[in-house]
Amino acid sequence: MKVLVAFDNSDVARKALHFSLKFRDVFTEYIICYVSPIAVGTGPSFDAYVPASMYQQGESGNDEVMESAKSMVESISIQATYVRLDSPGEQVARVMVKAAEDRGVDLIITGTRKLTGLSKVLLGSVSSELIKLSRIPVMVVPPDGL
């Protein structure tokens, strides 16, 4: 069984990855996926609008996210693939669902911050969108302290 774990290095994403590792005897392959929510038109070729230094800082932050995931699983014997995707103008959840479908995963695991009210309206909810958009089962790991 293949699993895609949504990972952005947040506390809830780290908890979701940690939780997924409890099932390492069930999953034959882990795809640890970070979708970078970049704005349309950012990148080194658009440095008239976005300074190259700002783009490079974003890229190094993306690398740090993947390195953090690798450090969480390096001592565990699992088959893991680390995938970083961009979402230029698309919802993060839509990009993640497409990645899961393209890779033939059987389950998507994500964390949730349990946003409510205005914060949910302003920030959106990737976990809610994953559930709405995906034809693949989605497991949502709740945050601590609730």
# chains A, B, ... in the order shown; residues from 1 in each chain; ligands from 1

$ select_by_dssp --residues "stretch 67-133 of chain A" --states "strand (DSSP E)" --output "MDAnalysis selection string"
chainID A and resid 80:86 107:111

$ residues_around --residues "A:Pro137" --least-positions-apart "4" --cutoff "8 Å" --atoms "only C-alpha atoms" --output "list in words"
Asp106, Leu107, Ile108 and Ile131 of chain A

$ atom_distance --atom1 "atom CA of A:Val126" --atom2 "atom CA of A:Val92"
6.8 Å

$ closest_residue --among "A:Ser20, A:Ser134, A:Ser127, A:Thr28" --to "A:Val73" --atoms "only C-alpha atoms"
A:Ser20

$ atom_distance --atom1 "atom CA of A:Tyr82" --atom2 "atom CA of A:Glu129"
21.9 Å

$ residues_around --residues "A:Gly104" --least-positions-apart "3" --cutoff "10 Å" --atoms "only C-alpha atoms" --output "list in words"
Met1, Lys2, Val3, Leu4, Lys98, Ala99, Ala100, Glu101, Leu107 and Ile136 of chain A

$ closest_residue --among "A:Lys70, A:Thr81, A:Ile109, A:Ser36" --to "A:Val95" --atoms "only C-alpha atoms"
A:Ser36

$ atom_distance --atom1 "atom CA of A:Lys15" --atom2 "atom CA of A:Thr110"
9.0 Å

$ closest_residue --among "A:Asn9, A:Arg135, A:Leu21, A:Thr112" --to "A:Ser75" --atoms "only C-alpha atoms"
A:Leu21

$ residues_around --residues "A:Gln79" --least-positions-apart "4" --cutoff "9 Å" --atoms "only C-alpha atoms" --output "PyMOL selection string"
chain A and resi 27-31

$ closest_residue --among "A:Glu67, A:Leu85, A:Pro142, A:Ser125" --to "A:Ala13" --atoms "only C-alpha atoms"
A:Pro142

$ residues_around --residues "A:Asp11" --least-positions-apart "2" --cutoff "12 Å" --atoms "only C-alpha atoms" --output "PDB file with C-alpha atoms, in the first residue's frame"
ATOM      1  CA  PHE A   7       4.131  17.745   4.950  1.00  0.00           C
ATOM      2  CA  ASP A   8       4.902  21.438   5.424  1.00  0.00           C
ATOM      3  CA  ASN A   9       6.993  21.172   8.608  1.00  0.00           C
ATOM      4  CA  ALA A  13       2.265  18.013   9.648  1.00  0.00           C
ATOM      5  CA  ARG A  14       5.028  16.617  11.829  1.00  0.00           C
ATOM      6  CA  LYS A  15       2.392  14.899  13.962  1.00  0.00           C
ATOM      7  CA  ALA A  16       0.720  13.440  10.841  1.00  0.00           C
ATOM      8  CA  LEU A  17       4.041  12.083   9.547  1.00  0.00           C
ATOM      9  CA  HIS A  18       4.894  10.654  12.955  1.00  0.00           C
ATOM     10  CA  VAL A  65      10.974  21.524   4.827  1.00  0.00           C
ATOM     11  CA  SER A  68      13.074  18.170   8.217  1.00  0.00           C
ATOM     12  CA  ALA A  69      10.931  15.335   6.845  1.00  0.00           C
ATOM     13  CA  THR A 110      -2.639  15.086   6.463  1.00  0.00           C
ATOM     14  CA  GLY A 111      -2.755  17.088   9.640  1.00  0.00           C
ATOM     15  CA  THR A 112      -5.289  19.756  10.499  1.00  0.00           C
ATOM     16  CA  ARG A 113      -5.120  22.910  12.558  1.00  0.00           C
ATOM     17  CA  VAL A 141      -4.735  13.708  12.082  1.00  0.00           C
ATOM     18  CA  PRO A 142      -5.982  16.247  14.660  1.00  0.00           C
ATOM     19  CA  PRO A 143      -3.675  18.660  16.499  1.00  0.00           C
ATOM     20  CA  ASP A 144      -2.584  18.131  20.098  1.00  0.00           C
ATOM     21  CA  GLY A 145      -4.440  19.710  22.958  1.00  0.00           C
TER      22      GLY A 145
END
